[in-house]
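Trainee: Quick one, upload19.txt (compact mmCIF, C-alpha atoms):
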# COMPACT_ATOMS: atom_id res chain seq x y z
CA MET I 1400 15.42 12.67 9.03
CA LYS I 1401 19.05 13.03 7.97
CA LEU I 1402 20.40 12.74 4.45
CA TYR I 1403 24.07 11.88 4.13
CA THR I 1404 24.97 13.70 0.96
CA TYR I 1405 27.76 15.09 -1.20
CA PHE I 1406 26.97 17.96 -3.51
CA ARG I 1407 28.40 16.31 -6.60
CA SER I 1408 27.02 12.79 -6.03
CA SER I 1409 24.29 12.31 -8.59
CA ALA I 1410 22.68 9.56 -6.51
CA ALA I 1411 22.40 12.02 -3.60
CA TYR I 1412 21.15 14.69 -6.05
CA ARG I 1413 18.27 12.37 -7.01
CA VAL I 1414 17.22 11.95 -3.39
CA ARG I 1415 17.49 15.68 -2.71
CA ILE I 1416 15.10 16.30 -5.62
CA ALA I 1417 12.66 13.65 -4.38
CA LEU I 1418 12.65 15.08 -0.84
CA ASN I 1419 12.05 18.57 -2.23
CA LEU I 1420 9.25 17.46 -4.56
CA LYS I 1421 7.49 15.87 -1.61
CA GLY I 1422 8.21 18.80 0.69
CA ILE I 1423 9.87 16.60 3.30
CA PRO I 1424 12.17 18.54 5.63
CA TYR I 1425 15.56 16.92 6.24
CA THR I 1426 18.91 17.68 7.80
CA PRO I 1427 21.80 17.30 5.38
CA VAL I 1428 24.97 15.68 6.70
CA PHE I 1429 27.88 16.34 4.40
CA VAL I 1430 30.20 13.48 3.51
CA HIS I 1431 33.13 14.74 1.48
CA LEU I 1432 34.03 12.04 -1.02
CA THR I 1433 37.52 13.23 -1.91
CA ARG I 1434 38.86 15.07 1.13
CA GLY I 1435 41.29 13.08 3.30
CA GLY I 1436 40.95 10.00 1.11
CA GLY I 1437 37.17 10.14 1.35
CA GLU I 1438 35.05 10.66 4.44
CA GLN I 1439 32.76 7.87 3.24
CA HIS I 1440 35.49 5.40 4.24
CA ALA I 1441 35.72 6.65 7.85
CA ALA I 1442 34.75 4.07 10.46
CA ALA I 1443 31.82 6.15 11.72
CA TYR I 1444 30.29 6.35 8.26
CA ARG I 1445 31.01 2.70 7.45
CA ALA I 1446 29.14 1.78 10.65
CA LEU I 1447 26.15 3.63 9.23
CA ASN I 1448 26.56 2.40 5.65
CA PRO I 1449 28.94 -0.56 5.26
CA ALA I 1450 29.07 0.04 1.50
CA GLY I 1451 30.82 3.37 2.11
CA LEU I 1452 28.75 5.24 -0.45
CA VAL I 1453 26.34 8.18 -0.42
CA PRO I 1454 23.48 8.80 -0.16
CA ALA I 1455 22.16 7.29 3.06
CA LEU I 1456 18.90 8.28 4.68
CA GLU I 1457 18.71 8.02 8.47
CA LEU I 1458 15.21 8.08 9.90
CA ASP I 1459 14.40 9.57 13.28
CA ASP I 1460 14.32 6.07 14.84
CA GLY I 1461 17.86 5.40 13.59
CA THR I 1462 16.87 3.17 10.68
CA VAL I 1463 19.23 3.65 7.74
CA ILE I 1464 18.24 3.13 4.12
CA THR I 1465 20.82 3.35 1.37
CA GLN I 1466 20.65 3.19 -2.45
CA SER I 1467 18.80 6.04 -4.11
CA LEU I 1468 16.11 3.89 -5.74
CA ALA I 1469 15.34 2.11 -2.48
CA ILE I 1470 15.27 5.41 -0.60
CA MET I 1471 12.89 6.95 -3.13
CA ALA I 1472 10.60 3.89 -3.15
CA TYR I 1473 10.46 4.15 0.65
CA LEU I 1474 9.74 7.89 0.54
CA ASP I 1475 6.95 7.31 -1.93
CA GLU I 1476 5.32 4.77 0.37
CA ALA I 1477 5.81 6.78 3.57
CA TYR I 1478 4.90 10.16 1.98
CA PRO I 1479 2.58 9.21 -0.89
CA SER I 1480 1.68 12.67 -2.16
CA PRO I 1481 2.78 13.86 -4.62
CA SER I 1482 3.79 10.46 -5.95
CA LEU I 1483 6.98 9.93 -7.95
CA TYR I 1484 5.15 7.31 -10.01
CA PRO I 1485 2.19 7.62 -12.41
CA ASP I 1486 -1.16 6.10 -11.43
CA ASP I 1487 -1.31 3.75 -14.41
CA MET I 1488 0.49 0.44 -13.95
CA MET I 1489 2.02 0.37 -17.43
CA ALA I 1490 3.14 3.98 -17.13
CA ARG I 1491 4.78 3.08 -13.81
CA ALA I 1492 6.62 0.25 -15.54
CA LYS I 1493 7.96 2.67 -18.15
CA VAL I 1494 9.06 5.15 -15.51
CA ARG I 1495 10.88 2.46 -13.52
CA ASN I 1496 12.43 1.11 -16.74
CA PHE I 1497 13.75 4.56 -17.67
CA ALA I 1498 15.11 5.22 -14.18
CA ALA I 1499 16.81 1.82 -14.03
CA ILE I 1500 18.72 2.48 -17.25
CA ILE I 1501 20.32 5.46 -15.53
CA VAL I 1502 20.75 3.90 -12.12
CA SER I 1503 22.03 0.50 -13.30
CA ASP I 1504 23.51 1.00 -16.77
CA ILE I 1505 25.07 4.45 -16.82
CA HIS I 1506 25.80 5.87 -13.40
CA PRO I 1507 27.50 2.89 -11.70
CA LEU I 1508 30.21 2.89 -14.35
CA ASN I 1509 31.00 6.55 -13.80
CA ASN I 1510 31.06 6.49 -10.04
CA LEU I 1511 34.06 8.04 -8.32
CA ARG I 1512 35.32 4.70 -6.96
CA VAL I 1513 35.32 3.26 -10.47
CA LEU I 1514 37.21 6.19 -11.98
CA ARG I 1515 39.73 5.84 -9.17
CA TYR I 1516 40.18 2.14 -9.89
CA LEU I 1517 40.85 2.94 -13.54
CA LYS I 1518 43.51 5.43 -12.50
CA ARG I 1519 45.18 3.69 -9.59
CA GLU I 1520 44.83 -0.01 -10.33
CA LEU I 1521 44.69 0.03 -14.12
CA HIS I 1522 47.06 3.02 -14.49
CA GLN I 1523 44.86 4.83 -16.99
CA GLU I 1524 45.60 8.43 -17.93
CA GLN I 1525 42.95 11.14 -17.67
CA PRO I 1526 42.00 11.14 -21.40
CA ALA I 1527 41.23 7.41 -21.25
CA ILE I 1528 39.21 7.91 -18.07
CA ASP I 1529 37.26 10.76 -19.65
CA ALA I 1530 36.61 8.61 -22.74
CA TRP I 1531 35.32 5.82 -20.48
CA TYR I 1532 32.99 8.26 -18.72
CA ARG I 1533 31.60 9.59 -22.00
CA HIS I 1534 31.32 6.12 -23.53
CA TRP I 1535 28.79 4.85 -20.99
CA ILE I 1536 26.74 8.02 -21.27
CA ALA I 1537 26.79 7.77 -25.06
CA GLU I 1538 25.70 4.12 -24.76
CA GLY I 1539 22.82 4.90 -22.41
CA LEU I 1540 21.24 8.13 -23.59
CA PRO I 1541 19.89 6.85 -26.94
CA ALA I 1542 17.87 4.17 -25.13
CA LEU I 1543 16.44 6.85 -22.84
CA GLU I 1544 15.61 9.19 -25.73
CA ALA I 1545 13.87 6.32 -27.55
CA MET I 1546 11.55 5.78 -24.58
CA LEU I 1547 10.14 9.31 -24.61
CA THR I 1548 7.35 10.69 -26.78
CA ASP I 1549 6.39 14.24 -27.67
CA HIS I 1550 3.92 14.28 -24.78
CA GLY I 1551 5.78 16.42 -22.32
CA PRO I 1552 6.95 18.56 -20.97
CA PHE I 1553 8.37 16.08 -18.45
CA CYS I 1554 9.71 12.65 -19.38
CA PHE I 1555 6.33 10.97 -19.16
CA GLY I 1556 3.73 13.70 -19.25
CA ALA I 1557 2.53 16.71 -17.35
CA GLU I 1558 4.09 15.94 -13.98
CA PRO I 1559 7.64 15.07 -12.97
CA THR I 1560 8.21 11.43 -12.00
CA LEU I 1561 11.07 9.24 -10.86
CA ALA I 1562 12.26 9.33 -14.48
CA ASP I 1563 12.87 13.08 -14.33
CA VAL I 1564 14.38 12.80 -10.86
CA CYS I 1565 17.01 10.43 -12.27
CA LEU I 1566 17.45 12.19 -15.62
CA VAL I 1567 18.42 15.64 -14.38
CA PRO I 1568 21.48 14.54 -12.34
CA GLN I 1569 22.60 12.27 -15.18
CA LEU I 1570 22.43 15.09 -17.72
CA ALA I 1571 24.29 17.33 -15.28
CA ASN I 1572 27.10 14.77 -15.33
CA ALA I 1573 26.94 14.59 -19.12
CA ARG I 1574 27.28 18.37 -19.34
CA ARG I 1575 30.15 18.42 -16.87
CA TYR I 1576 32.04 15.99 -19.09
CA GLU I 1577 31.00 17.87 -22.24
CA CYS I 1578 29.08 14.97 -23.78
CA PRO I 1579 27.20 16.00 -26.93
CA LEU I 1580 23.44 16.20 -26.28
CA ASP I 1581 22.19 17.42 -29.67
CA ALA I 1582 20.71 14.03 -30.51
CA PHE I 1583 18.48 14.02 -27.44
CA PRO I 1584 15.84 16.75 -27.83
CA ARG I 1585 13.23 14.99 -25.71
CA LEU I 1586 15.63 14.46 -22.84
CA ARG I 1587 16.62 18.14 -23.03
CA ARG I 1588 12.95 19.15 -23.13
CA ALA I 1589 12.28 17.23 -19.91
CA GLU I 1590 15.43 18.62 -18.32
CA ALA I 1591 14.36 22.19 -19.14
CA ALA I 1592 10.93 21.60 -17.61
CA CYS I 1593 12.56 20.28 -14.44
CA HIS I 1594 15.00 23.18 -14.18
CA ALA I 1595 12.01 25.53 -13.99
CA LEU I 1596 10.82 23.90 -10.76
CA PRO I 1597 12.07 25.10 -7.35
CA ALA I 1598 12.32 21.49 -6.10
CA PHE I 1599 14.91 20.72 -8.77
CA GLN I 1600 16.66 24.08 -8.48
CA ALA I 1601 17.19 23.77 -4.73
CA ALA I 1602 18.67 20.28 -5.15
CA ALA I 1603 21.32 21.31 -7.68
CA PRO I 1604 24.95 20.59 -6.75
CA GLU I 1605 25.99 24.25 -6.93
CA ARG I 1606 23.22 25.22 -4.51
CA GLN I 1607 24.38 22.87 -1.75
CA PRO I 1608 26.18 24.23 1.32
CA ASP I 1609 29.06 21.80 0.73
CA ALA I 1610 29.57 22.90 -2.90
CA GLU I 1611 33.08 23.96 -3.79
CA MET T 260 4.64 -13.29 -22.67
CA LYS T 261 8.16 -13.63 -24.04
CA LEU T 262 11.38 -13.31 -22.09
CA TYR T 263 14.46 -12.42 -24.10
CA THR T 264 17.14 -14.21 -22.16
CA TYR T 265 20.68 -15.58 -22.18
CA PHE T 266 21.49 -18.47 -19.90
CA ARG T 267 24.51 -16.78 -18.33
CA SER T 268 23.04 -13.28 -17.90
CA SER T 269 22.47 -12.82 -14.20
CA ALA T 270 19.90 -10.08 -14.85
CA ALA T 271 17.90 -12.55 -16.98
CA TYR T 272 18.45 -15.21 -14.30
CA ARG T 273 16.74 -12.91 -11.76
CA VAL T 274 13.69 -12.52 -13.97
CA ARG T 275 13.51 -16.27 -14.66
CA ILE T 276 13.43 -16.88 -10.90
CA ALA T 277 10.72 -14.24 -10.39
CA LEU T 278 8.55 -15.69 -13.17
CA ASN T 279 8.95 -19.18 -11.72
CA LEU T 280 8.18 -18.08 -8.15
CA LYS T 281 4.95 -16.53 -9.39
CA GLY T 282 4.14 -19.47 -11.65
CA ILE T 283 3.82 -17.24 -14.73
CA PRO T 284 4.21 -19.17 -17.99
CA TYR T 285 6.50 -17.53 -20.56
CA THR T 286 8.19 -18.27 -23.83
CA PRO T 287 11.97 -17.85 -23.71
CA VAL T 288 13.63 -16.22 -26.71
CA PHE T 289 17.35 -16.85 -26.69
CA VAL T 290 19.70 -13.96 -27.39
CA HIS T 291 23.27 -15.20 -27.61
CA LEU T 292 25.49 -12.50 -26.16
CA THR T 293 28.81 -13.66 -27.58
CA ARG T 294 28.03 -15.50 -30.81
CA GLY T 295 28.61 -13.48 -34.01
CA GLY T 296 29.65 -10.38 -32.08
CA GLY T 297 26.51 -10.58 -29.95
CA GLU T 298 22.94 -11.12 -31.09
CA GLN T 299 21.85 -8.33 -28.74
CA HIS T 300 23.37 -5.86 -31.19
CA ALA T 301 21.34 -7.11 -34.18
CA ALA T 302 18.95 -4.55 -35.64
CA ALA T 303 15.89 -6.65 -34.84
CA TYR T 304 16.81 -6.86 -31.17
CA ARG T 305 17.85 -3.20 -30.98
CA ALA T 306 14.39 -2.31 -32.34
CA LEU T 307 12.91 -4.16 -29.38
CA ASN T 308 15.43 -2.91 -26.81
CA PRO T 309 17.53 0.06 -27.94
CA ALA T 310 19.95 -0.53 -25.07
CA GLY T 311 20.98 -3.85 -26.63
CA LEU T 312 20.93 -5.73 -23.34
CA VAL T 313 19.04 -8.68 -21.90
CA PRO T 314 16.60 -9.32 -20.35
CA ALA T 315 13.59 -7.82 -22.08
CA LEU T 316 10.02 -8.85 -21.34
CA GLU T 317 7.54 -8.60 -24.22
CA LEU T 318 3.90 -8.70 -23.19
CA ASP T 319 1.19 -10.20 -25.37
CA ASP T 320 0.15 -6.71 -26.54
CA GLY T 321 3.69 -6.00 -27.73
CA THR T 322 4.70 -3.76 -24.82
CA VAL T 323 8.37 -4.23 -23.95
CA ILE T 324 9.81 -3.71 -20.48
CA THR T 325 13.55 -3.90 -19.90
CA GLN T 326 15.75 -3.73 -16.80
CA SER T 327 15.35 -6.59 -14.35
CA LEU T 328 14.20 -4.46 -11.40
CA ALA T 329 11.57 -2.69 -13.50
CA ILE T 330 10.38 -6.00 -14.94
CA MET T 331 10.08 -7.54 -11.49
CA ALA T 332 8.26 -4.51 -10.05
CA TYR T 333 5.81 -4.78 -12.96
CA LEU T 334 5.35 -8.52 -12.46
CA ASP T 335 4.67 -7.96 -8.78
CA GLU T 336 1.95 -5.44 -9.58
CA ALA T 337 0.38 -7.47 -12.41
CA TYR T 338 0.67 -10.83 -10.61
CA PRO T 339 0.61 -9.90 -6.92
CA SER T 340 0.69 -13.36 -5.36
CA PRO T 341 3.09 -14.54 -4.11
CA SER T 342 4.69 -11.13 -3.68
CA LEU T 343 8.42 -10.57 -4.07
CA TYR T 344 8.22 -7.95 -1.30
CA PRO T 345 7.37 -8.27 2.41
CA ASP T 346 4.11 -6.80 3.70
CA ASP T 347 5.80 -4.45 6.15
CA MET T 348 6.92 -1.11 4.68
CA MET T 349 10.26 -1.00 6.48
CA ALA T 350 10.98 -4.62 5.56
CA ARG T 351 10.22 -3.72 1.94
CA ALA T 352 12.72 -0.87 2.17
CA LYS T 353 15.40 -3.26 3.41
CA VAL T 354 14.66 -5.75 0.63
CA ARG T 355 14.86 -3.04 -2.04
CA ASN T 356 18.04 -1.68 -0.46
CA PHE T 357 19.67 -5.12 -0.55
CA ALA T 358 18.61 -5.78 -4.14
CA ALA T 359 19.83 -2.37 -5.28
CA ILE T 360 23.33 -2.99 -3.92
CA ILE T 361 23.56 -5.97 -6.26
CA VAL T 362 21.79 -4.41 -9.22
CA SER T 363 23.49 -1.00 -9.06
CA ASP T 364 26.80 -1.48 -7.24
CA ILE T 365 28.09 -4.93 -8.16
CA HIS T 366 26.58 -6.35 -11.32
CA PRO T 367 26.84 -3.34 -13.70
CA LEU T 368 30.61 -3.33 -13.28
CA ASN T 369 30.92 -6.99 -14.19
CA ASN T 370 28.65 -6.95 -17.20
CA LEU T 371 29.97 -8.48 -20.42
CA ARG T 372 30.10 -5.14 -22.25
CA VAL T 373 32.25 -3.67 -19.48
CA LEU T 374 34.69 -6.58 -19.45
CA ARG T 375 34.95 -6.22 -23.22
CA TYR T 376 35.72 -2.51 -22.93
CA LEU T 377 38.50 -3.29 -20.46
CA LYS T 378 39.96 -5.79 -22.92
CA ARG T 379 39.48 -4.02 -26.24
CA GLU T 380 39.64 -0.33 -25.44
CA LEU T 381 41.85 -0.36 -22.36
CA HIS T 382 43.96 -3.34 -23.54
CA GLN T 383 43.79 -5.15 -20.21
CA GLU T 384 44.98 -8.73 -19.95
CA GLN T 385 42.75 -11.46 -18.51
CA PRO T 386 44.31 -11.48 -15.01
CA ALA T 387 43.58 -7.75 -14.64
CA ILE T 388 40.03 -8.27 -15.90
CA ASP T 389 39.49 -11.14 -13.46
CA ALA T 390 40.86 -8.98 -10.63
CA TRP T 391 38.43 -6.21 -11.59
CA TYR T 392 35.52 -8.67 -11.55
CA ARG T 393 36.46 -10.01 -8.12
CA HIS T 394 37.17 -6.53 -6.74
CA TRP T 395 33.60 -5.30 -7.18
CA ILE T 396 32.16 -8.48 -5.70
CA ALA T 397 34.54 -8.22 -2.74
CA GLU T 398 33.47 -4.57 -2.30
CA GLY T 399 29.76 -5.38 -2.38
CA LEU T 400 29.25 -8.63 -0.50
CA PRO T 401 30.25 -7.35 2.98
CA ALA T 402 27.51 -4.68 2.81
CA LEU T 403 25.00 -7.38 1.88
CA GLU T 404 26.14 -9.72 4.65
CA ALA T 405 25.86 -6.86 7.17
CA MET T 406 22.21 -6.34 6.26
CA LEU T 407 21.14 -9.89 7.14
CA THR T 408 20.30 -11.30 10.56
CA ASP T 409 20.11 -14.86 11.83
CA HIS T 410 16.39 -14.91 11.10
CA GLY T 411 16.35 -17.05 8.00
CA PRO T 412 16.45 -19.19 6.20
CA PHE T 413 16.01 -16.70 3.36
CA CYS T 414 17.62 -13.24 3.27
CA PHE T 415 14.80 -11.59 5.17
CA GLY T 416 12.82 -14.33 6.83
CA ALA T 417 10.73 -17.38 6.08
CA GLU T 418 9.89 -16.59 2.45
CA PRO T 419 12.06 -15.68 -0.52
CA THR T 420 11.89 -12.05 -1.62
CA LEU T 421 13.43 -9.84 -4.28
CA ALA T 422 16.59 -9.90 -2.16
CA ASP T 423 17.01 -13.66 -2.66
CA VAL T 424 16.06 -13.37 -6.32
CA CYS T 425 18.98 -10.98 -6.83
CA LEU T 426 21.40 -12.73 -4.46
CA VAL T 427 21.42 -16.18 -6.05
CA PRO T 428 22.58 -15.05 -9.54
CA GLN T 429 25.20 -12.76 -7.98
CA LEU T 430 26.63 -15.59 -5.88
CA ALA T 431 26.62 -17.82 -8.95
CA ASN T 432 28.85 -15.24 -10.64
CA ALA T 433 31.05 -15.05 -7.55
CA ARG T 434 31.49 -18.82 -7.57
CA ARG T 435 32.22 -18.87 -11.29
CA TYR T 436 35.06 -16.40 -10.69
CA GLU T 437 36.18 -18.30 -7.58
CA CYS T 438 35.60 -15.42 -5.18
CA PRO T 439 36.06 -16.45 -1.54
CA LEU T 440 32.71 -16.69 0.26
CA ASP T 441 33.81 -17.91 3.69
CA ALA T 442 33.14 -14.52 5.27
CA PHE T 443 29.49 -14.52 4.21
CA PRO T 444 27.68 -17.28 6.14
CA ARG T 445 24.30 -15.55 6.08
CA LEU T 446 24.43 -15.00 2.34
CA ARG T 447 25.34 -18.67 1.88
CA ARG T 448 22.52 -19.72 4.21
CA ALA T 449 20.00 -17.80 2.10
CA GLU T 450 21.51 -19.17 -1.11
CA ALA T 451 21.21 -22.75 0.18
CA ALA T 452 17.55 -22.20 1.10
CA CYS T 453 16.89 -20.87 -2.41
CA HIS T 454 18.67 -23.74 -4.11
CA ALA T 455 16.23 -26.13 -2.43
CA LEU T 456 13.27 -24.51 -4.24
CA PRO T 457 12.18 -25.71 -7.70
CA ALA T 458 11.58 -22.09 -8.84
CA PHE T 459 15.25 -21.28 -8.32
CA GLN T 460 16.47 -24.64 -9.63
CA ALA T 461 14.59 -24.34 -12.92
CA ALA T 462 15.98 -20.83 -13.49
CA ALA T 463 19.63 -21.83 -13.12
CA PRO T 464 21.92 -21.10 -16.08
CA GLU T 465 22.87 -24.74 -16.60
CA ARG T 466 19.21 -25.76 -16.81
CA GLN T 467 18.40 -23.38 -19.68
CA PRO T 468 17.94 -24.74 -23.22
CA ASP T 469 20.57 -22.29 -24.52
CA ALA T 470 23.21 -23.37 -21.98
CA GLU T 471 26.55 -24.42 -23.42
Mind converting the file's structure to structure tokens?

Mentor:
Amino acid sequence: MKLYTYFRSSAAYRVRIALNLKGIPYTPVFVHLTRGGGEQHAAAYRALNPAGLVPALELDDGTVITQSLAIMAYLDEAYPSPSLYPDDMMARAKVRNFAAIIVSDIHPLNNLRVLRYLKRELHQEQPAIDAWYRHWIAEGLPALEAMLTDHGPFCFGAEPTLADVCLVPQLANARRYECPLDAFPRLRRAEAACHALPAFQAAAPERQPDAE
Amino acid sequence: MKLYTYFRSSAAYRVRIALNLKGIPYTPVFVHLTRGGGEQHAAAYRALNPAGLVPALELDDGTVITQSLAIMAYLDEAYPSPSLYPDDMMARAKVRNFAAIIVSDIHPLNNLRVLRYLKRELHQEQPAIDAWYRHWIAEGLPALEAMLTDHGPFCFGAEPTLADVCLVPQLANARRYECPLDAFPRLRRAEAACHALPAFQAAAPERQPDAE
């Protein structure tokens, strides 16, 4: 299978982690989101993914799945072991809840296309754009921290789940924008546990062949 | 169970539809998002949902699940019939993909808290805010339309799925902001099929006891 990816896309970063955790081999196809106005807007890529966003997963039969959560739900069904979800139904609900806060409440507001709209259409200067970026992270992280307990080391216990897969790229963004993380010891505990795993290490933006 | 809801919240609207489709009785608890600065910010509600957003589902044992997609995934596991997902794995992937475009790419940008930030922090006037709202809908709907075929009447066949559950509230928002929908005949076909079902009708914003 092929993963259309960009090293700095945190949605692609999630899928890279999930593929690594499951040990699924894939061919990365690099889509540069800023070069030449954005390769994601090229006709060939739009034919593959009309939304013009990464990631996109192309299966060997040509089927394309987009949206990181949908891709990871598919991967978990097609390659069940190790699962990204806990066995217990209520624990699964918590994991999905946690992941959705990142994927629906924080990340969409800090996406490249949104920052560009703020700059180009709303004529915002960089400090206002940076404040926007940090604002949505500062809004979202307390809700995530409140969901975790002291039972680690990962977000929800002894094994990494979809929650950790979504958390690590989001905290990478927070660090890149120098958001204060002192108030989130449980999130940092889970992040540290993930960073010790080769599956997470190999998925990191700076380890990708297209990293700049 | 209790659903913390606001008539105009399209995320709550999704969950109302899902509960109705499954015939699950629930007690609505109304959280007024604009009155008195927003009841979702009150300490009592923040204790229930630290993110300060609706919907939240409170089970009889006190467990709280937030985020519409996580709530609906839980409901589908706890109350499997009728399912919100197709039986076929690849069809499920398509349904989740479609729903995620709405839940992650369109709706988060048009949420009340975001529109407020544009107004209060970025000092945008109403026409610029309305243009923002319509922009993200205009960006997202073509990708949704491209995913559907002529095999209806619902988004993905003869039965409503999670895709329809997410589509109907999003199109209601599009209509409220007078977004042109002529280019999306398949989306409108699915919407019309949904509007004929009592489960969708009873979940509509204007049918809620807290509607204004």

Trainee: Quick one: residues within 10 Å of Val354 of chain T, all atoms listed in the file, excluding same-chain residues fewer than 2 positions away - as an NGL selection string?

Mentor: (:I and (1469)) or (:T and (343-345 or 348-352 or 356-359 or 406 or 414-415 or 420-423))

Trainee: Produce a file of the selected residues containing C-alpha atoms, as a PDB file, in the coordinates of the input.

Mentor:
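Output contents, as saved in result_24.pdb:
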ATOM      1  CA  ALA I1469      15.340   2.110  -2.480  1.00  0.00           C
TER       2      ALA I1469
ATOM      3  CA  LEU T 343       8.420 -10.570  -4.070  1.00  0.00           C
ATOM      4  CA  TYR T 344       8.220  -7.950  -1.300  1.00  0.00           C
ATOM      5  CA  PRO T 345       7.370  -8.270   2.410  1.00  0.00           C
ATOM      6  CA  MET T 348       6.920  -1.110   4.680  1.00  0.00           C
ATOM      7  CA  MET T 349      10.260  -1.000   6.480  1.00  0.00           C
ATOM      8  CA  ALA T 350      10.980  -4.620   5.560  1.00  0.00           C
ATOM      9  CA  ARG T 351      10.220  -3.720   1.940  1.00  0.00           C
ATOM     10  CA  ALA T 352      12.720  -0.870   2.170  1.00  0.00           C
ATOM     11  CA  ASN T 356      18.040  -1.680  -0.460  1.00  0.00           C
ATOM     12  CA  PHE T 357      19.670  -5.120  -0.550  1.00  0.00           C
ATOM     13  CA  ALA T 358      18.610  -5.780  -4.140  1.00  0.00           C
ATOM     14  CA  ALA T 359      19.830  -2.370  -5.280  1.00  0.00           C
ATOM     15  CA  MET T 406      22.210  -6.340   6.260  1.00  0.00           C
ATOM     16  CA  CYS T 414      17.620 -13.240   3.270  1.00  0.00           C
ATOM     17  CA  PHE T 415      14.800 -11.590   5.170  1.00  0.00           C
ATOM     18  CA  THR T 420      11.890 -12.050  -1.620  1.00  0.00           C
ATOM     19  CA  LEU T 421      13.430  -9.840  -4.280  1.00  0.00           C
ATOM     20  CA  ALA T 422      16.590  -9.900  -2.160  1.00  0.00           C
ATOM     21  CA  ASP T 423      17.010 -13.660  -2.660  1.00  0.00           C
TER      22      ASP T 423
END

Trainee: What's around Val313 of chain T at 9 Å? Count only C-alpha atoms, leave out sequence neighbours fewer than 4 positions away in its own chain, and write the answer as a list in words.

Mentor: Leu262, Tyr263, Thr264, Tyr265, Ser268, Ala270, Ala271, Val290, Leu292, Gln299, Asn308, Thr325, Gln326 and Ser327 of chain T

Trainee: Once you count only C-alpha atoms, which residues of chain T turn out to be within 9 Å of chain I? Could you give them as a CSV table (one decimal) with C-alpha atoms, in the frame of the given file?

Mentor:
chain,number,residue,atom,x,y,z
T,308,ASN,CA,15.4,-2.9,-26.8
T,309,PRO,CA,17.5,0.1,-27.9
T,310,ALA,CA,20.0,-0.5,-25.1
T,311,GLY,CA,21.0,-3.8,-26.6
T,322,THR,CA,4.7,-3.8,-24.8
T,324,ILE,CA,9.8,-3.7,-20.5
T,325,THR,CA,13.6,-3.9,-19.9
T,326,GLN,CA,15.8,-3.7,-16.8
T,327,SER,CA,15.4,-6.6,-14.4
T,328,LEU,CA,14.2,-4.5,-11.4
T,329,ALA,CA,11.6,-2.7,-13.5
T,330,ILE,CA,10.4,-6.0,-14.9
T,332,ALA,CA,8.3,-4.5,-10.0
T,333,TYR,CA,5.8,-4.8,-13.0
T,336,GLU,CA,2.0,-5.4,-9.6
T,337,ALA,CA,0.4,-7.5,-12.4
T,348,MET,CA,6.9,-1.1,4.7
T,349,MET,CA,10.3,-1.0,6.5
T,351,ARG,CA,10.2,-3.7,1.9
T,352,ALA,CA,12.7,-0.9,2.2
T,353,LYS,CA,15.4,-3.3,3.4
T,354,VAL,CA,14.7,-5.8,0.6
T,355,ARG,CA,14.9,-3.0,-2.0
T,356,ASN,CA,18.0,-1.7,-0.5
T,357,PHE,CA,19.7,-5.1,-0.6
T,358,ALA,CA,18.6,-5.8,-4.1
T,359,ALA,CA,19.8,-2.4,-5.3
T,360,ILE,CA,23.3,-3.0,-3.9
T,362,VAL,CA,21.8,-4.4,-9.2
T,363,SER,CA,23.5,-1.0,-9.1
T,364,ASP,CA,26.8,-1.5,-7.2
T,365,ILE,CA,28.1,-4.9,-8.2
T,366,HIS,CA,26.6,-6.4,-11.3
T,367,PRO,CA,26.8,-3.3,-13.7
T,368,LEU,CA,30.6,-3.3,-13.3
T,373,VAL,CA,32.2,-3.7,-19.5
T,376,TYR,CA,35.7,-2.5,-22.9
T,380,GLU,CA,39.6,-0.3,-25.4
T,381,LEU,CA,41.8,-0.4,-22.4
T,383,GLN,CA,43.8,-5.2,-20.2
T,387,ALA,CA,43.6,-7.8,-14.6
T,391,TRP,CA,38.4,-6.2,-11.6
T,398,GLU,CA,33.5,-4.6,-2.3
T,399,GLY,CA,29.8,-5.4,-2.4
T,400,LEU,CA,29.2,-8.6,-0.5
T,401,PRO,CA,30.2,-7.4,3.0
T,402,ALA,CA,27.5,-4.7,2.8
T,403,LEU,CA,25.0,-7.4,1.9
T,405,ALA,CA,25.9,-6.9,7.2
T,406,MET,CA,22.2,-6.3,6.3

Trainee: Atom CA of His1522 of chain I to atom CA of Glu1577 of chain I: how many Å, to one decimal?

Mentor: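 Computing the Euclidean distance for atom CA of His1522 of chain I and atom CA of Glu1577 of chain I yields 23.2 Å.
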
Trainee: Could you work out how far atom CA of Arg1415 of chain I lies from atom CA of Ala1602 of chain I, giving the answer in Å with one decimal?

Mentor: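 Going from atom CA of Ala1602 of chain I over to atom CA of Arg1415 of chain I covers 5.3 Å.
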
Trainee: Would you compute the distance between atom CA of Lys261 of chain T and atom CA of Val288 of chain T? Give it in Å to one decimal.

Mentor: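 The value is 6.6 Å.
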
Trainee: Which is closer to Leu426 of chain T than all the others in T:Ala470, T:Ile276, T:Cys438, T:Ala461, using only C-alpha atoms?

Mentor: T:Ile276

Trainee: For Gly1551 of chain I, find every residue with an atom within 9 Å (counting all atoms listed in the file), except residues of its own chain fewer than 5 positions away, and show them as a list in words.

Mentor: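 The contact residues come out as Gly1556, Ala1557, Glu1558, Arg1585, Arg1588, Ala1589 and Ala1592 of chain I.
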
Trainee: Write a file of the just-selected residues containing C-alpha atoms, as a PDB file, in the frame of the given file.

Mentor:
ATOM      1  CA  GLY I1556       3.730  13.700 -19.250  1.00  0.00           C
ATOM      2  CA  ALA I1557       2.530  16.710 -17.350  1.00  0.00           C
ATOM      3  CA  GLU I1558       4.090  15.940 -13.980  1.00  0.00           C
ATOM      4  CA  ARG I1585      13.230  14.990 -25.710  1.00  0.00           C
ATOM      5  CA  ARG I1588      12.950  19.150 -23.130  1.00  0.00           C
ATOM      6  CA  ALA I1589      12.280  17.230 -19.910  1.00  0.00           C
ATOM      7  CA  ALA I1592      10.930  21.600 -17.610  1.00  0.00           C
TER       8      ALA I1592
END
